[in-house]
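A.B. asks: As input, take coords-v2.txt (compact mmCIF, C-alpha atoms and all ligand atoms):
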```txt
# COMPACT_ATOMS: atom_id res chain seq x y z
CA MET A 149 73.13 122.31 108.67
CA SER A 150 73.66 119.21 110.77
CA ASN A 151 75.67 119.73 113.87
CA PRO A 152 79.41 118.98 113.42
CA ALA A 153 79.48 116.49 116.30
CA ASN A 154 76.81 114.39 114.56
CA VAL A 155 78.62 114.68 111.25
CA LYS A 156 81.84 113.50 112.87
CA ALA A 157 80.11 110.60 114.60
CA ALA A 158 78.58 109.50 111.31
CA LEU A 159 81.93 109.80 109.52
CA ARG A 160 83.56 107.66 112.19
CA SER A 161 81.12 104.88 111.39
CA LEU A 162 81.93 104.96 107.66
CA GLU A 163 84.08 102.00 106.63
CA ILE A 164 85.55 101.74 103.15
CA GLU A 165 86.82 98.41 101.91
CA THR A 166 89.81 98.41 99.61
CA PRO A 167 90.44 95.81 96.88
CA SER A 168 93.52 93.59 96.95
CA TRP A 169 93.87 94.05 93.20
CA ALA A 170 94.33 97.80 93.50
CA TYR A 171 97.77 97.18 94.99
CA GLY A 172 99.10 94.97 92.19
CA ASN A 173 100.36 95.92 88.76
CA SER A 174 97.61 96.75 86.32
CA GLY A 175 97.07 98.53 83.06
CA THR A 176 94.95 98.72 79.99
CA ARG A 177 94.62 96.06 77.32
CA PHE A 178 97.50 97.79 75.60
CA LYS A 179 100.14 97.88 78.29
CA VAL A 180 100.80 97.17 81.93
CA PHE A 181 103.31 99.58 83.43
CA ALA A 182 105.03 97.61 86.15
CA GLN A 183 105.80 99.57 89.29
CA ALA A 184 108.61 98.93 91.71
CA GLY A 185 107.67 97.60 95.14
CA VAL A 186 104.25 96.22 94.27
CA PRO A 187 103.11 93.18 96.26
CA ARG A 188 104.20 89.73 95.18
CA THR A 189 101.73 87.81 97.31
CA PRO A 190 98.25 88.20 98.80
CA GLN A 191 99.98 88.72 102.13
CA GLU A 192 101.86 91.73 100.76
CA LYS A 193 98.69 93.17 99.24
CA ILE A 194 97.11 92.95 102.67
CA ALA A 195 100.12 94.69 104.17
CA ASP A 196 99.59 97.56 101.72
CA ALA A 197 95.88 97.69 102.51
CA ALA A 198 96.81 97.92 106.19
CA GLN A 199 98.82 101.06 105.40
CA VAL A 200 95.70 102.66 103.94
CA HIS A 201 93.83 101.88 107.14
CA ARG A 202 96.75 103.05 109.28
CA PHE A 203 96.68 106.53 107.75
CA THR A 204 92.94 106.96 107.15
CA GLY A 205 91.46 105.00 110.06
CA SER A 206 88.55 104.24 107.73
CA ALA A 207 89.61 101.28 105.61
CA PRO A 208 89.56 98.32 108.02
CA SER A 209 88.92 95.56 105.48
CA VAL A 210 90.33 94.30 102.22
CA ALA A 211 88.45 92.42 99.51
CA LEU A 212 89.98 89.34 97.91
CA HIS A 213 89.66 88.15 94.33
CA ILE A 214 89.80 84.40 93.78
CA PRO A 215 91.93 82.92 92.22
CA TRP A 216 94.12 86.06 92.05
CA ASP A 217 94.51 85.80 95.82
CA ARG A 218 94.52 82.06 96.19
CA VAL A 219 96.52 80.71 99.14
CA ASP A 220 96.68 77.25 100.69
CA ASP A 221 95.26 78.32 104.02
CA PHE A 222 92.68 81.09 104.16
CA THR A 223 92.32 80.85 107.92
CA GLU A 224 96.01 81.71 108.11
CA LEU A 225 95.49 84.60 105.68
CA ALA A 226 92.67 85.94 107.85
CA LYS A 227 95.02 85.73 110.82
CA HIS A 228 97.71 87.56 108.86
CA ALA A 229 95.21 90.32 108.07
CA HIS A 230 94.24 90.54 111.71
CA ASP A 231 97.90 90.80 112.72
CA GLN A 232 98.28 93.69 110.26
CA GLY A 233 95.29 95.48 111.78
CA VAL A 234 92.72 94.78 109.06
CA ARG A 235 90.25 92.01 108.24
CA LEU A 236 89.33 90.16 105.08
CA GLY A 237 86.19 91.45 103.39
CA ALA A 238 84.19 90.41 100.36
CA ILE A 239 85.26 87.41 98.35
CA ASN A 240 85.13 88.31 94.66
CA SER A 241 84.71 85.34 92.36
CA ASN A 242 86.52 85.11 89.08
CA VAL A 243 84.89 83.04 86.37
CA PHE A 244 86.20 85.07 83.49
CA GLN A 245 89.82 84.15 82.94
CA ASP A 246 89.95 80.55 81.83
CA ASP A 247 89.81 79.56 78.17
CA ASP A 248 86.78 77.46 79.08
CA TYR A 249 84.82 80.67 79.64
CA LYS A 250 85.14 81.95 76.09
CA LEU A 251 81.37 81.53 75.56
CA GLY A 252 80.45 82.32 79.15
CA SER A 253 80.68 80.77 82.59
CA VAL A 254 77.38 80.09 84.38
CA THR A 255 75.43 80.86 81.20
CA ASN A 256 77.69 78.86 78.87
CA PRO A 257 75.77 76.56 76.53
CA ASP A 258 78.05 73.68 77.61
CA PRO A 259 76.85 72.15 80.90
CA ARG A 260 80.40 71.00 81.71
CA VAL A 261 81.64 74.59 81.71
CA ARG A 262 78.64 75.73 83.76
CA ARG A 263 79.42 73.06 86.36
CA LYS A 264 83.05 74.19 86.53
CA ALA A 265 81.94 77.79 87.08
CA VAL A 266 79.43 76.90 89.77
CA ARG A 267 82.03 74.75 91.48
CA HIS A 268 84.32 77.78 91.62
CA LEU A 269 81.57 79.88 93.16
CA LEU A 270 80.93 77.18 95.77
CA ASP A 271 84.67 77.09 96.48
CA CYS A 272 84.45 80.82 97.12
CA VAL A 273 81.80 80.18 99.76
CA ASP A 274 84.14 77.64 101.40
CA ILE A 275 86.76 80.38 101.43
CA MET A 276 84.27 82.75 103.07
CA ASP A 277 83.72 80.15 105.78
CA ALA A 278 87.47 80.13 106.44
CA THR A 279 87.98 83.91 106.30
CA GLY A 280 84.79 84.86 108.11
CA SER A 281 83.77 87.01 105.15
CA ARG A 282 80.14 88.02 104.96
CA ASP A 283 79.86 88.81 101.26
CA LEU A 284 80.26 86.83 98.07
CA LYS A 285 80.51 89.23 95.17
CA LEU A 286 79.54 87.85 91.78
CA TRP A 287 80.37 89.52 88.54
CA PHE A 288 79.92 87.63 85.29
CA SER A 289 81.60 88.58 82.06
CA ASP A 290 78.98 86.37 80.39
CA GLY A 291 77.25 87.58 77.30
CA ILE A 292 77.32 87.32 73.53
CA ASN A 293 78.89 89.36 70.77
CA TYR A 294 76.50 88.69 67.92
CA PRO A 295 72.73 88.47 67.51
CA GLY A 296 71.77 84.82 67.35
CA GLN A 297 75.04 83.62 68.89
CA ASP A 298 73.09 82.05 71.76
CA ASP A 299 69.57 82.15 73.13
CA LEU A 300 69.05 85.20 75.34
CA ARG A 301 66.32 83.59 77.41
CA ASP A 302 68.04 80.24 77.91
CA ARG A 303 71.02 82.14 79.26
CA GLN A 304 68.81 83.77 81.88
CA ASP A 305 67.51 80.32 82.88
CA ARG A 306 71.05 79.02 83.23
CA LEU A 307 72.03 82.07 85.26
CA ALA A 308 69.06 81.64 87.61
CA GLU A 309 69.86 77.97 88.11
CA ALA A 310 73.50 78.66 89.00
CA LEU A 311 72.65 81.52 91.32
CA ARG A 312 70.10 79.35 93.11
CA GLU A 313 72.63 76.62 93.79
CA VAL A 314 75.15 79.10 95.17
CA TYR A 315 72.58 81.05 97.17
CA ASP A 316 71.35 77.87 98.83
CA ARG A 317 74.91 77.03 99.88
CA LEU A 318 75.37 80.34 101.77
CA GLY A 319 75.48 80.27 105.55
CA PRO A 320 72.85 82.19 107.53
CA HIS A 321 75.12 85.21 107.97
CA GLN A 322 76.45 85.29 104.44
CA ARG A 323 75.16 87.39 101.56
CA MET A 324 75.36 87.35 97.80
CA LEU A 325 76.15 90.58 95.97
CA LEU A 326 75.22 90.50 92.31
CA GLU A 327 77.09 93.05 90.26
CA TYR A 328 75.92 94.22 86.84
CA LYS A 329 77.78 95.76 83.95
CA LEU A 330 76.40 97.22 80.76
CA PHE A 331 78.96 95.77 78.42
CA GLU A 332 82.52 94.46 78.17
CA PRO A 333 83.92 91.99 77.52
CA ALA A 334 80.64 90.91 75.88
CA PHE A 335 79.47 93.60 73.50
CA TYR A 336 76.08 92.79 71.95
CA ALA A 337 74.24 91.42 75.01
CA THR A 338 75.49 90.99 78.55
CA ASP A 339 73.65 88.51 80.77
CA VAL A 340 73.57 90.83 83.81
CA PRO A 341 73.70 94.23 82.07
CA ASP A 342 71.84 96.48 84.50
CA TRP A 343 70.50 96.93 88.00
CA GLY A 344 67.03 95.76 86.98
CA THR A 345 68.30 92.36 85.87
CA SER A 346 70.38 92.02 89.00
CA TYR A 347 67.47 93.14 91.19
CA ALA A 348 65.04 90.70 89.57
CA HIS A 349 67.39 87.76 90.14
CA CYS A 350 67.98 88.87 93.73
CA VAL A 351 64.25 89.05 94.45
CA GLU A 352 63.80 85.56 93.02
CA LEU A 353 66.65 84.23 95.17
CA GLY A 354 65.75 85.62 98.57
CA PRO A 355 66.55 88.38 101.05
CA ARG A 356 70.27 87.74 101.30
CA ALA A 357 70.81 88.44 97.62
CA THR A 358 71.43 92.12 96.96
CA VAL A 359 72.68 94.33 94.17
CA CYS A 360 76.21 95.68 93.91
CA ILE A 361 76.50 98.99 92.09
CA ASP A 362 79.83 99.46 90.39
CA THR A 363 79.82 103.16 89.54
CA GLY A 364 81.79 102.53 86.33
CA HIS A 365 79.33 100.04 84.86
CA HIS A 366 76.67 102.29 83.35
CA ALA A 367 75.94 104.06 80.12
CA PRO A 368 77.24 107.65 80.07
CA GLY A 369 74.79 110.01 81.74
CA THR A 370 73.03 107.34 83.80
CA ASN A 371 71.52 108.78 86.97
CA ILE A 372 73.20 106.46 89.47
CA GLU A 373 71.71 108.13 92.53
CA PHE A 374 68.27 107.23 91.23
CA ILE A 375 69.31 103.57 91.20
CA VAL A 376 70.67 104.01 94.73
CA ALA A 377 67.40 105.52 95.94
CA PHE A 378 65.31 102.83 94.26
CA LEU A 379 67.34 99.92 95.60
CA LEU A 380 67.47 101.38 99.09
CA ARG A 381 63.71 101.72 99.09
CA ALA A 382 63.43 98.10 97.99
CA GLY A 383 65.96 96.94 100.61
CA ARG A 384 68.20 95.46 97.92
CA LEU A 385 71.26 97.67 97.86
CA GLY A 386 74.08 95.51 99.18
CA ALA A 387 77.26 97.17 98.05
CA PHE A 388 79.16 99.65 95.96
CA ASP A 389 82.21 99.19 93.86
CA PHE A 390 83.33 102.81 93.80
CA ASN A 391 85.55 104.15 91.05
CA SER A 392 85.51 106.99 88.55
CA ARG A 393 84.86 106.87 84.87
CA PHE A 394 85.00 109.31 82.01
CA TYR A 395 83.98 106.91 79.26
CA ALA A 396 83.45 103.27 80.26
CA ASP A 397 84.82 101.01 82.96
CA ASP A 398 87.80 103.29 83.55
CA ASP A 399 88.43 102.19 87.17
CA LEU A 400 89.96 105.54 88.08
CA MET A 401 90.07 106.87 91.64
CA ALA A 402 86.63 107.28 93.22
CA GLY A 403 85.54 110.90 93.31
CA ALA A 404 88.23 112.01 90.86
CA ALA A 405 86.25 112.37 87.65
CA ASP A 406 82.93 113.47 89.09
CA PRO A 407 82.98 114.31 92.82
CA PHE A 408 79.50 115.81 92.49
CA GLN A 409 78.10 112.46 91.40
CA LEU A 410 79.72 110.78 94.40
CA PHE A 411 78.14 113.43 96.66
CA ARG A 412 74.72 112.82 95.10
CA ILE A 413 75.10 109.07 95.66
CA MET A 414 76.18 109.56 99.27
CA TYR A 415 73.33 111.95 99.85
CA GLU A 416 70.84 109.19 98.97
CA ILE A 417 72.59 106.95 101.48
CA VAL A 418 72.39 109.64 104.16
CA ARG A 419 68.78 110.40 103.20
CA ALA A 420 67.95 106.74 103.89
CA ASP A 421 69.98 106.72 107.14
CA ALA A 422 71.87 103.84 105.58
CA LEU A 423 75.46 104.80 106.32
CA SER A 424 75.81 102.06 108.93
CA SER A 425 73.14 99.69 107.67
CA GLY A 426 75.45 96.99 106.38
CA ILE A 427 75.99 98.32 102.88
CA ALA A 428 79.52 97.46 101.80
CA PHE A 429 81.30 100.59 100.55
CA MET A 430 84.08 99.14 98.48
CA LEU A 431 86.55 100.53 96.04
CA ASP A 432 87.11 98.70 92.76
CA GLN A 433 89.98 100.48 91.10
CA CYS A 434 93.23 100.02 89.30
CA HIS A 435 96.14 102.41 89.54
CA ASN A 436 97.92 102.07 86.27
CA ILE A 437 100.20 105.10 86.16
CA GLU A 438 100.00 106.55 89.67
CA ALA A 439 101.53 105.21 92.90
CA LYS A 440 99.08 102.72 94.30
CA VAL A 441 98.92 103.04 98.09
CA PRO A 442 98.62 106.85 98.10
CA ALA A 443 96.05 106.60 95.29
CA VAL A 444 93.93 104.30 97.43
CA ILE A 445 94.35 106.66 100.38
CA ARG A 446 93.27 109.58 98.16
CA SER A 447 90.20 107.58 97.07
CA VAL A 448 89.20 106.88 100.66
CA LEU A 449 89.53 110.60 101.41
CA ASN A 450 87.38 111.42 98.38
CA VAL A 451 84.61 109.12 99.64
CA GLN A 452 84.88 110.67 103.09
CA GLU A 453 84.65 114.19 101.65
CA ALA A 454 81.59 113.34 99.58
CA THR A 455 79.99 111.73 102.63
CA ALA A 456 80.79 114.70 104.87
CA LYS A 457 79.13 117.03 102.37
CA ALA A 458 76.12 114.72 102.14
CA LEU A 459 75.86 114.76 105.92
CA LEU A 460 75.90 118.57 105.88
CA VAL A 461 72.75 118.80 103.77
CA ASP A 462 70.10 120.58 105.81
CA ARG A 463 67.46 117.92 105.36
CA ASP A 464 64.71 119.89 107.11
CA ALA A 465 65.28 122.93 104.92
CA LEU A 466 65.47 120.71 101.85
CA ARG A 467 62.23 118.93 102.69
CA ALA A 468 60.48 122.25 103.38
CA ALA A 469 61.62 123.71 100.06
CA GLN A 470 60.59 120.54 98.23
CA LEU A 471 57.11 120.52 99.75
CA GLU A 472 56.67 124.19 98.95
CA GLY A 473 57.64 123.53 95.37
CA ASP A 474 60.57 125.91 95.77
CA VAL A 475 62.68 124.50 92.98
CA LEU A 476 65.58 126.91 93.24
CA GLY A 477 65.51 126.92 97.04
CA ALA A 478 65.69 123.13 97.22
CA ASN A 479 68.53 123.00 94.74
CA ALA A 480 70.36 125.71 96.69
CA VAL A 481 70.16 123.69 99.92
CA LEU A 482 71.84 120.76 98.22
CA MET A 483 74.46 122.94 96.53
CA ASP A 484 75.27 124.77 99.76
CA ALA A 485 76.30 121.49 101.31
CA TYR A 486 78.21 120.39 98.21
CA ASN A 487 80.09 123.67 98.05
CA THR A 488 81.19 123.51 101.67
CA ASP A 489 84.90 122.90 102.15
CA VAL A 490 84.85 119.89 104.48
CA ARG A 491 88.61 119.39 104.56
CA PRO A 492 89.08 121.33 107.83
CA LEU A 493 86.35 119.25 109.49
CA LEU A 494 87.96 116.02 108.33
CA ALA A 495 91.39 117.19 109.43
CA GLU A 496 89.96 117.99 112.87
CA LEU A 497 88.29 114.59 113.04
CA ARG A 498 91.56 112.84 112.25
CA THR A 499 93.47 114.84 114.81
CA GLU A 500 90.86 114.00 117.44
CA ASP A 501 91.29 110.32 116.52
CA GLY A 502 95.08 110.44 116.80
CA LEU A 503 95.67 110.37 113.05
CA ASP A 504 97.71 112.73 110.94
CA PRO A 505 95.36 115.34 109.44
CA ASP A 506 97.03 114.79 106.04
CA PRO A 507 96.96 111.01 105.37
CA VAL A 508 98.64 111.14 101.93
CA GLY A 509 101.45 113.33 103.28
CA ALA A 510 101.84 111.14 106.36
CA TYR A 511 102.08 108.03 104.19
CA ARG A 512 104.74 109.67 102.02
CA ARG A 513 106.72 110.72 105.08
CA SER A 514 106.48 107.24 106.63
CA GLY A 515 109.04 105.82 104.18
CA TYR A 516 106.87 102.71 103.60
CA GLY A 517 106.93 103.19 99.83
CA GLU A 518 110.73 103.29 99.68
CA ARG A 519 111.03 100.36 102.05
CA VAL A 520 108.89 98.05 99.95
CA VAL A 521 110.69 99.06 96.78
CA ALA A 522 113.89 97.85 98.42
CA GLU A 523 112.30 94.71 99.83
CA ARG A 524 110.04 93.49 97.08
CA VAL A 525 111.45 92.35 93.79
CA GLY A 526 109.26 91.06 90.92
CA GLY A 527 105.80 92.42 91.80
CA GLN A 528 102.70 90.59 90.74
CA GLN A 529 100.11 91.35 88.13
CA ALA A 530 96.83 92.53 89.65
CA GLY A 531 94.49 91.16 87.09
CA TRP A 532 93.86 90.05 83.58
CA ASN A 533 95.61 92.80 81.67
CA ALA A 534 98.59 90.68 80.79
C1 LIG B 601 84.37 93.97 86.34
C2 LIG B 601 84.72 94.35 87.76
C3 LIG B 601 84.27 93.27 88.73
C4 LIG B 601 85.52 92.47 88.85
C5 LIG B 601 86.54 93.60 88.95
C6 LIG B 601 87.97 93.25 88.90
O1 LIG B 601 84.61 95.03 85.47
O2 LIG B 601 84.21 95.59 88.09
O3 LIG B 601 83.92 93.83 89.97
O4 LIG B 601 85.52 91.59 89.91
O5 LIG B 601 86.13 94.45 87.90
MN MN B 602 83.38 96.00 90.05
MN MN B 603 84.46 97.01 86.50
```
Take the structure in this file and express it as structure tokens.
Ligand code: LRH
Ligand code: MN
Ligand code: MN
C.D. replies:
Amino acid sequence: MSNPANVKAALRSLEIETPSWAYGNSGTRFKVFAQAGVPRTPQEKIADAAQVHRFTGSAPSVALHIPWDRVDDFTELAKHAHDQGVRLGAINSNVFQDDDYKLGSVTNPDPRVRRKAVRHLLDCVDIMDATGSRDLKLWFSDGINYPGQDDLRDRQDRLAEALREVYDRLGPHQRMLLEYKLFEPAFYATDVPDWGTSYAHCVELGPRATVCIDTGHHAPGTNIEFIVAFLLRAGRLGAFDFNSRFYADDDLMAGAADPFQLFRIMYEIVRADALSSGIAFMLDQCHNIEAKVPAVIRSVLNVQEATAKALLVDRDALRAAQLEGDVLGANAVLMDAYNTDVRPLLAELRTEDGLDPDPVGAYRRSGYGERVVAERVGGQQAGWNA
């Protein structure tokens, strides 16, 4: 097993970005259950994100979604984040909410709609310039519901053209993250349905275009750690949107439904020594029935636990067993690490860093939740589930 000091050092370097939309009201397409005390403004979402960082020490940045988080002055918003002890992270573009996008955004057959969508993406790069964000995250709801509805290949051409224009606008230190999703809201054919499509467009674009893996965006049973290993080998894994799913894009807390899968993903990261290589480890979640800030804290802890277990894998013993063809032995090495209770190690790490060993408990005891319930009236919707 790796030595605990090395494990702790590696865990200290792990940064998990939280999404502004996790703090707002959200729900399913059937109902949004409004919660008391949820943020009314982007500034208040950032204040909540800062609480997650305060109690975990591992969530120093918050992703924005535009236009959900539109403000007049993004430089001011970046300053506000800094004053709260966090920074602004990835800018997530939103070209899926307007009526104009009924038949798609950048792949829409109507050039006027495509121009509008590209203009929004370019606006997002302007916002990145103001916030100092490195990453532009693109997710397209584009696709078709019926065979013959539109030309599959033309849509790829339109997509490539739009991506090129946006990629060429990026500054030298900015990156594009292209997220894929199997289905929903388009059902028959999605224009960026899988990692292969995303990867192929990224390769065509250039080195600063990389794939974002949202763990909820695959068919059931997909081996996500294989995708992780492949993209790492190809140098094209840019980011994760972590969340848990039982069925589809459930957006539940990362590591809640399948902590073993999260461990297997993090093991591939550790295996590639890629924990601090610039991959953005982000959460993309909604907390529809549970309290939001503690749910985000719990998710950060889940990612930390999976990572700690991945770091505990005895890589030398694993390699030796693999090369000997010792199937059971190799599997046992991995399972030994997974079955280790890493909570005492993480509690010790937090204590050493001046944090409470129990971040969820500490948050509850802080009284922040009660205070915002008293202060904030009329919380805002997180997303599109009106
Ligand atoms: C799409 C998605 C994408 C969006 C977010 C709100 O399902 O995962 O990342 O930006 O949800
Ligand atoms: Mn996502
Ligand atoms: Mn999603």
A.B. asks: May I have a table of the residues of chain A lying at most 10 Å from ligand MN 602 (chain B), giving each one's closest pair of atoms and their distance in Å to one decimal, counting all atoms listed in the file, ordered by chain and ascending residue number, as a tab-separated table?
C.D. replies:
```
residue	atom	partner	partner_atom	distance
A:Pro167	CA	B:MN602	MN	9.8
A:Asn240	CA	B:MN602	MN	9.1
A:Lys285	CA	B:MN602	MN	9.0
A:Leu286	CA	B:MN602	MN	9.2
A:Trp287	CA	B:MN602	MN	7.3
A:Glu327	CA	B:MN602	MN	7.0
A:Tyr328	CA	B:MN602	MN	8.3
A:Lys329	CA	B:MN602	MN	8.3
A:Cys360	CA	B:MN602	MN	8.1
A:Ile361	CA	B:MN602	MN	7.8
A:Asp362	CA	B:MN602	MN	5.0
A:Thr363	CA	B:MN602	MN	8.0
A:Gly364	CA	B:MN602	MN	7.7
A:His365	CA	B:MN602	MN	7.7
A:Phe388	CA	B:MN602	MN	8.1
A:Asp389	CA	B:MN602	MN	5.1
A:Phe390	CA	B:MN602	MN	7.8
A:Asn391	CA	B:MN602	MN	8.5
A:Asp397	CA	B:MN602	MN	8.8
A:Asp399	CA	B:MN602	MN	8.5
A:Met430	CA	B:MN602	MN	9.0
A:Leu431	CA	B:MN602	MN	8.2
A:Asp432	CA	B:MN602	MN	5.3
A:Gln433	CA	B:MN602	MN	8.0
```
A.B. asks: Tell me, as a list in words, which residues lie within 10 Å of Ser289 (chain A), counting all atoms listed in the file; anything in the same chain fewer than 5 positions away does not count.
C.D. replies: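 The filter keeps Asn242, Val243, Phe244, Gln245, Tyr249, Lys250, Leu251, Gly252, Ser253, Val254, Thr255, Tyr328, Lys329, Phe331, Glu332, Pro333, Ala334, Thr338, Asp339, Val340 and Pro341 of chain A.
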A.B. asks: Between CA of Gln191 (chain A) and CA of Glu523 (chain A), what is the spacing in Å?
C.D. replies: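 Separation of CA of Glu523 (chain A) and CA of Gln191 (chain A): 13.9 Å.
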A.B. asks: Looking at A:Glu496, A:Glu165, A:Glu313, A:Asp504, which one is nearest to Val234 (chain A), with distances taken over all atoms listed in the file?
C.D. replies: A:Glu165
A.B. asks: Any idea what the distance is between CA of Tyr336 (chain A) and CA of Asp305 (chain A)?
C.D. replies: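 Value for the CA of Tyr336 (chain A)-CA of Asp305 (chain A) distance: 18.7 Å.
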A.B. asks: Around (67.1, 104.5, 97.0) in the file's own coordinates, what residues are found within 12 Å if you use all atoms listed in the file, given back as number ranges by chain?
C.D. replies: A: 359, 361, 371-386, 412-422
A.B. asks: Give me region 261-284 of chain A with N, CA and C atoms filled in, as a CSV table (one decimal), in the coordinates of the input.
C.D. replies:
```
chain,number,residue,atom,x,y,z
A,261,VAL,N,81.0,73.3,81.3
A,261,VAL,CA,81.6,74.6,81.7
A,261,VAL,C,80.8,75.2,82.8
A,262,ARG,N,79.5,75.1,82.7
A,262,ARG,CA,78.6,75.7,83.8
A,262,ARG,C,78.9,75.1,85.1
A,263,ARG,N,79.1,73.8,85.1
A,263,ARG,CA,79.4,73.1,86.4
A,263,ARG,C,80.8,73.5,86.9
A,264,LYS,N,81.7,73.7,86.1
A,264,LYS,CA,83.0,74.2,86.5
A,264,LYS,C,82.9,75.6,87.2
A,265,ALA,N,82.1,76.4,86.5
A,265,ALA,CA,81.9,77.8,87.1
A,265,ALA,C,81.2,77.8,88.4
A,266,VAL,N,80.2,77.0,88.5
A,266,VAL,CA,79.4,76.9,89.8
A,266,VAL,C,80.3,76.3,90.9
A,267,ARG,N,81.1,75.3,90.5
A,267,ARG,CA,82.0,74.8,91.5
A,267,ARG,C,83.0,75.8,92.0
A,268,HIS,N,83.4,76.7,91.2
A,268,HIS,CA,84.3,77.8,91.6
A,268,HIS,C,83.6,78.7,92.6
A,269,LEU,N,82.3,79.0,92.3
A,269,LEU,CA,81.6,79.9,93.2
A,269,LEU,C,81.4,79.2,94.5
A,270,LEU,N,81.1,77.9,94.5
A,270,LEU,CA,80.9,77.2,95.8
A,270,LEU,C,82.2,77.2,96.5
A,271,ASP,N,83.3,77.0,95.8
A,271,ASP,CA,84.7,77.1,96.5
A,271,ASP,C,84.8,78.4,97.2
A,272,CYS,N,84.3,79.5,96.5
A,272,CYS,CA,84.4,80.8,97.1
A,272,CYS,C,83.7,80.9,98.4
A,273,VAL,N,82.6,80.2,98.5
A,273,VAL,CA,81.8,80.2,99.8
A,273,VAL,C,82.6,79.4,100.8
A,274,ASP,N,83.3,78.3,100.4
A,274,ASP,CA,84.1,77.6,101.4
A,274,ASP,C,85.2,78.6,101.9
A,275,ILE,N,85.7,79.4,101.0
A,275,ILE,CA,86.8,80.4,101.4
A,275,ILE,C,86.2,81.4,102.4
A,276,MET,N,84.9,81.8,102.1
A,276,MET,CA,84.3,82.8,103.1
A,276,MET,C,84.1,82.1,104.5
A,277,ASP,N,83.8,80.8,104.5
A,277,ASP,CA,83.7,80.2,105.8
A,277,ASP,C,85.0,80.2,106.5
A,278,ALA,N,86.1,80.1,105.8
A,278,ALA,CA,87.5,80.1,106.4
A,278,ALA,C,87.9,81.5,106.8
A,279,THR,N,87.5,82.5,106.0
A,279,THR,CA,88.0,83.9,106.3
A,279,THR,C,87.0,84.7,107.2
A,280,GLY,N,85.8,84.1,107.3
A,280,GLY,CA,84.8,84.9,108.1
A,280,GLY,C,84.2,86.0,107.3
A,281,SER,N,84.3,86.0,106.0
A,281,SER,CA,83.8,87.0,105.2
A,281,SER,C,82.3,86.9,105.1
A,282,ARG,N,81.6,88.0,105.0
A,282,ARG,CA,80.1,88.0,105.0
A,282,ARG,C,79.7,87.9,103.5
A,283,ASP,N,80.4,88.6,102.6
A,283,ASP,CA,79.9,88.8,101.3
A,283,ASP,C,80.6,88.0,100.2
A,284,LEU,N,79.8,87.4,99.3
A,284,LEU,CA,80.3,86.8,98.1
A,284,LEU,C,79.8,87.8,96.9
```
